[in-house]
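Here the structure comes first, spelled out in structure tokens, and everything after it is commentary.
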Amino acid sequence: MATRDYYEILGVERAIDAAGLKSAYRKLAMQHHPDRNGGCDDAMARFKEISEAYSVLSDDQKRAAYDRFGHAGVNGGGNPFGQGGAGFADVNDIFSQVFGDAFGDVFGGRAGGGARQHGPRRGSDLRYDLEISLEQAYKGAEVEIAVPTTATCDTCDGSGAKKGTQPTTCTTCQGAGRVRTANGFFQVERTCPRCGGGGQMIAEPCGTCHGHGQVRKNRKLQLKVPGGVDDGSRIRLSGEGDAGQRGGPRGDLYVFISVTPHELFERDNLDLLVTVPVPMTTAALGGEIDAPCLTSEACDGRCKAPVTVPAGAQTGKTVRIKGKGMPHLNGRQRGDLVVELFVETPTDLTARQKEPRDELAASLGDMQTPRNSSFAGKAKRFWADILGAEANQ
């Protein structure tokens, strides 16, 4: 029994709550656990002291007695770890309760006892990455995927033993799945090295699964991709993951969606953005052009939306067409098609095509380039300021 103050051993204040006490114990137990310190005697002693302090302070009645009477208040019932080294196995119980089964397995705790090794075990969850086109994301699609998974061996029905034979009880752990070793007062339970924790041995392994009870195979599944999915969306298929062990349920399959970049459209949430070239004459005089769009109906390459171009339109102007964007996953609304205009200047003009240019420029004057006129005024003021500053130097 430790004689140091229990609160001092755990490095906590006397008013600490249960959660803080548990956190402090976790940190110290990980640091001083003998399995992490090569079985060092000092680590064993320190770990025993830490566990003893936690066993008292984590019990409300023992803690109240300790707070009132000190060590005398908890000594009346004898050593909380029992008499002799065998009773110290309770430390493993404390360690497993705080850290959980998986952590207890790593560091030698009892992890809830060997009986759990024999029960059904759920299969692992799987991830599958699926790449689809923007059109499929828009309309929705049904695709076939081949997922590599584990499945119960049909030859041995998952037992791992050759047909006509049965697994036998492990002679090392007597079917417990775990073995106990002692080092002085400290006792540790570990997974049985002979049966791997299963508690059973296979004298004649199945020729198909080689004693594993499971085989790897590709499972073909039909996946329905709903319209409106976005890049990074995740679809969960319950019970389509790896097969469970010892009659346990299958895990789940998570399909992560990746949408291939489109050569025309860019997606912005539910909106679709597209840049459309506009002839200079249409931009100057106004008119109507067609913009490509997506539709849930077959359109034989004629999926177009009319766009009204206002007279005097400049490059970068956008026109929004309601309801022509991506559908929402719940199907209750749609985004818009945002058309950005790109005014094209004609190239490779013939001499005759160039003749009206000077006449048109003369007739328009500064009206033809309102932005240029404003820019020219600002530029003149800028240059004047520079020349004036240089003259004053």
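Residues in the structure tokens are numbered from 1 in each chain, the chains being A, B, ... in the order shown, and ligands are numbered from 1 in the order shown.
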### Message
With only C-alpha atoms as the counted atoms, please give the residues lying no more than 12 Å from segment 337-349 of chain A, apart from itself and same-chain residues fewer than 6 positions off, as a ChimeraX atom specification.
### Response
/A:264-284,286,288-295,304-327,355-357
Compile a residue-level contact table for segment 106-211 of chain A against segment 252-263 of chain A at a cut-off of 10 Å, reporting for every qualifying residue the shortest atom pair and its distance in Å to one decimal, with only C-alpha atoms counted, rows ordered by chain and ascending number, as a Markdown table.
```
| residue | atom | partner | partner_atom | distance |
| --- | --- | --- | --- | --- |
| A:Arg122 | CA | A:Asp252 | CA | 9.8 |
| A:Gly123 | CA | A:Asp252 | CA | 8.1 |
| A:Ser124 | CA | A:Asp252 | CA | 7.3 |
| A:Asp125 | CA | A:Asp252 | CA | 4.7 |
| A:Leu126 | CA | A:Leu253 | CA | 4.8 |
| A:Arg127 | CA | A:Tyr254 | CA | 4.8 |
| A:Tyr128 | CA | A:Val255 | CA | 4.7 |
| A:Asp129 | CA | A:Phe256 | CA | 4.9 |
| A:Leu130 | CA | A:Ile257 | CA | 5.1 |
| A:Glu131 | CA | A:Ser258 | CA | 4.6 |
| A:Ile132 | CA | A:Val259 | CA | 5.1 |
| A:Ser133 | CA | A:Thr260 | CA | 5.2 |
| A:Leu134 | CA | A:Val259 | CA | 6.0 |
| A:Glu135 | CA | A:His262 | CA | 8.9 |
| A:Gln136 | CA | A:Val259 | CA | 8.8 |
| A:Ala137 | CA | A:Val259 | CA | 7.3 |
| A:Ile145 | CA | A:Val255 | CA | 10.0 |
| A:Val147 | CA | A:Leu253 | CA | 9.0 |
| A:Thr149 | CA | A:Leu253 | CA | 9.7 |
```
Dump of all heavy atoms for the selected residues, as a compact mmCIF listing (two decimals), in the first residue's frame:
```
# COMPACT_ATOMS: atom_id res chain seq x y z
N ARG A 122 -17.91 -8.25 -36.05
CA ARG A 122 -18.37 -7.51 -37.22
C ARG A 122 -17.23 -7.34 -38.22
O ARG A 122 -16.08 -7.15 -37.86
CB ARG A 122 -18.88 -6.13 -36.79
CG ARG A 122 -19.44 -5.27 -37.91
CD ARG A 122 -19.94 -3.95 -37.34
NE ARG A 122 -20.50 -3.07 -38.35
CZ ARG A 122 -19.79 -2.25 -39.11
NH1 ARG A 122 -18.47 -2.18 -38.94
NH2 ARG A 122 -20.38 -1.48 -40.00
N GLY A 123 -17.59 -7.41 -39.50
CA GLY A 123 -16.59 -7.23 -40.55
C GLY A 123 -16.14 -5.79 -40.67
O GLY A 123 -16.79 -4.86 -40.17
N SER A 124 -15.04 -5.59 -41.34
CA SER A 124 -14.47 -4.25 -41.50
C SER A 124 -15.27 -3.43 -42.51
O SER A 124 -15.84 -3.96 -43.47
CB SER A 124 -13.01 -4.33 -41.96
OG SER A 124 -12.22 -5.05 -41.04
N ASP A 125 -15.30 -2.11 -42.28
CA ASP A 125 -15.87 -1.20 -43.27
C ASP A 125 -14.87 -1.02 -44.42
O ASP A 125 -13.66 -1.08 -44.23
CB ASP A 125 -16.18 0.16 -42.64
CG ASP A 125 -17.30 0.09 -41.61
OD1 ASP A 125 -18.10 -0.85 -41.70
OD2 ASP A 125 -17.37 0.97 -40.75
N LEU A 126 -15.40 -0.77 -45.59
CA LEU A 126 -14.56 -0.60 -46.78
C LEU A 126 -14.83 0.75 -47.44
O LEU A 126 -15.90 1.34 -47.28
CB LEU A 126 -14.82 -1.72 -47.80
CG LEU A 126 -14.53 -3.15 -47.35
CD1 LEU A 126 -14.90 -4.13 -48.47
CD2 LEU A 126 -13.06 -3.31 -46.99
N ARG A 127 -13.84 1.22 -48.18
CA ARG A 127 -13.97 2.46 -48.96
C ARG A 127 -13.76 2.14 -50.44
O ARG A 127 -12.87 1.38 -50.81
CB ARG A 127 -12.95 3.49 -48.51
CG ARG A 127 -12.86 4.70 -49.45
CD ARG A 127 -11.94 5.76 -48.93
NE ARG A 127 -11.82 6.87 -49.89
CZ ARG A 127 -11.57 8.12 -49.58
NH1 ARG A 127 -11.40 8.45 -48.30
NH2 ARG A 127 -11.47 9.06 -50.50
N TYR A 128 -14.60 2.76 -51.27
CA TYR A 128 -14.48 2.60 -52.72
C TYR A 128 -14.55 3.99 -53.35
O TYR A 128 -15.47 4.76 -53.06
CB TYR A 128 -15.59 1.70 -53.27
CG TYR A 128 -15.46 1.38 -54.74
CD1 TYR A 128 -14.76 0.26 -55.16
CD2 TYR A 128 -16.03 2.20 -55.71
CE1 TYR A 128 -14.64 -0.05 -56.52
CE2 TYR A 128 -15.92 1.90 -57.06
CZ TYR A 128 -15.21 0.78 -57.46
OH TYR A 128 -15.09 0.49 -58.79
N ASP A 129 -13.58 4.32 -54.19
CA ASP A 129 -13.56 5.62 -54.87
C ASP A 129 -14.16 5.47 -56.26
O ASP A 129 -13.69 4.67 -57.07
CB ASP A 129 -12.13 6.16 -54.96
CG ASP A 129 -11.54 6.47 -53.60
OD1 ASP A 129 -12.28 6.94 -52.73
OD2 ASP A 129 -10.33 6.23 -53.40
N LEU A 130 -15.19 6.27 -56.54
CA LEU A 130 -15.89 6.20 -57.82
C LEU A 130 -15.82 7.55 -58.52
O LEU A 130 -16.17 8.58 -57.94
CB LEU A 130 -17.35 5.81 -57.60
CG LEU A 130 -18.24 5.79 -58.85
CD1 LEU A 130 -17.77 4.71 -59.82
CD2 LEU A 130 -19.70 5.57 -58.48
N GLU A 131 -15.37 7.54 -59.76
CA GLU A 131 -15.29 8.77 -60.57
C GLU A 131 -16.44 8.77 -61.57
O GLU A 131 -16.65 7.79 -62.30
CB GLU A 131 -13.94 8.84 -61.29
CG GLU A 131 -13.72 10.17 -62.00
CD GLU A 131 -12.29 10.30 -62.53
OE1 GLU A 131 -11.44 9.50 -62.13
OE2 GLU A 131 -12.05 11.21 -63.34
N ILE A 132 -17.19 9.87 -61.59
CA ILE A 132 -18.31 9.99 -62.51
C ILE A 132 -18.20 11.31 -63.28
O ILE A 132 -17.43 12.20 -62.90
CB ILE A 132 -19.68 9.94 -61.77
CG1 ILE A 132 -19.79 11.13 -60.79
CG2 ILE A 132 -19.85 8.62 -61.05
CD1 ILE A 132 -21.16 11.23 -60.13
N SER A 133 -18.97 11.43 -64.35
CA SER A 133 -18.96 12.66 -65.14
C SER A 133 -19.94 13.67 -64.55
O SER A 133 -20.79 13.33 -63.72
CB SER A 133 -19.36 12.34 -66.58
OG SER A 133 -20.73 11.91 -66.64
N LEU A 134 -19.82 14.91 -64.99
CA LEU A 134 -20.75 15.94 -64.52
C LEU A 134 -22.17 15.63 -64.99
O LEU A 134 -23.14 15.89 -64.26
CB LEU A 134 -20.31 17.32 -65.04
CG LEU A 134 -21.15 18.51 -64.57
CD1 LEU A 134 -21.05 18.67 -63.06
CD2 LEU A 134 -20.71 19.80 -65.26
N GLU A 135 -22.28 15.06 -66.18
CA GLU A 135 -23.61 14.68 -66.67
C GLU A 135 -24.25 13.64 -65.76
O GLU A 135 -25.46 13.69 -65.49
CB GLU A 135 -23.50 14.13 -68.10
CG GLU A 135 -23.23 15.19 -69.17
CD GLU A 135 -21.76 15.53 -69.31
OE1 GLU A 135 -20.94 15.00 -68.51
OE2 GLU A 135 -21.40 16.32 -70.19
N GLN A 136 -23.46 12.66 -65.30
CA GLN A 136 -24.01 11.66 -64.39
C GLN A 136 -24.38 12.27 -63.04
O GLN A 136 -25.38 11.90 -62.44
CB GLN A 136 -22.97 10.54 -64.18
CG GLN A 136 -22.78 9.64 -65.39
CD GLN A 136 -21.68 8.63 -65.17
OE1 GLN A 136 -20.57 8.96 -64.76
NE2 GLN A 136 -21.98 7.35 -65.44
N ALA A 137 -23.57 13.23 -62.59
CA ALA A 137 -23.89 13.91 -61.34
C ALA A 137 -25.17 14.72 -61.49
O ALA A 137 -25.93 14.89 -60.53
CB ALA A 137 -22.74 14.82 -60.92
N ILE A 145 -20.19 -1.58 -59.87
CA ILE A 145 -18.85 -1.49 -59.30
C ILE A 145 -18.41 -2.87 -58.82
O ILE A 145 -19.23 -3.70 -58.44
CB ILE A 145 -18.78 -0.49 -58.13
CG1 ILE A 145 -19.75 -0.89 -57.01
CG2 ILE A 145 -19.09 0.92 -58.61
CD1 ILE A 145 -19.68 0.01 -55.79
N VAL A 147 -16.10 -4.55 -56.05
CA VAL A 147 -15.44 -4.21 -54.79
C VAL A 147 -14.71 -5.43 -54.25
O VAL A 147 -15.33 -6.47 -54.02
CB VAL A 147 -16.48 -3.73 -53.75
CG1 VAL A 147 -15.77 -3.31 -52.46
CG2 VAL A 147 -17.31 -2.59 -54.31
N THR A 149 -13.59 -7.64 -51.52
CA THR A 149 -14.00 -7.82 -50.12
C THR A 149 -13.63 -9.23 -49.65
O THR A 149 -13.24 -10.09 -50.44
CB THR A 149 -15.51 -7.64 -49.95
OG1 THR A 149 -16.20 -8.69 -50.65
CG2 THR A 149 -15.98 -6.30 -50.48
```
### Task
Kindly give the distance, in Å, that separates atom CA of Ser51 of chain A and atom CA of Glu13 of chain A, rounded to a single decimal.
17.1 Å
### Task
Using only C-alpha atoms, determine which residues lie at most 12 Å from Asp67 of chain A, disregarding the query and same-chain residues fewer than 6 positions distant; provide the list as a VMD selection string.
chain A and resid 5 to 7 14 to 15 56 to 57 59 to 61 73 to 74
### Message
Among segment 212-351 of chain A, which residues does DSSP mark as helix (DSSP H, G or I) when it is run on the backbone? Keep the chain and numbering as in the structure and answer as a PyMOL selection string.
### Response
chain A and resi 280-285+351
Can you write just those residues out, C-alpha atoms, as a PDB file, in the first residue's frame?
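As a result, selection28.pdb now contains:
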```pdb
ATOM      1  CA  MET A 280     -18.349  41.728 -81.690  1.00  0.00           C
ATOM      2  CA  THR A 281     -21.314  42.862 -83.763  1.00  0.00           C
ATOM      3  CA  THR A 282     -23.794  41.066 -81.480  1.00  0.00           C
ATOM      4  CA  ALA A 283     -22.115  42.526 -78.404  1.00  0.00           C
ATOM      5  CA  ALA A 284     -22.266  46.019 -79.899  1.00  0.00           C
ATOM      6  CA  LEU A 285     -25.792  45.906 -81.280  1.00  0.00           C
ATOM      7  CA  ALA A 351      -9.143  44.846 -97.252  1.00  0.00           C
TER       8      ALA A 351
END
```
### Message
Let me make sure I understand: among A:Ser23, A:Leu237, A:Gly198, A:Leu329, which one has the smallest atom-to-atom distance to Arg121 of chain A if we use only C-alpha atoms?
### Response
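For Arg121 of chain A, the nearest of the candidates is A:Gly198.
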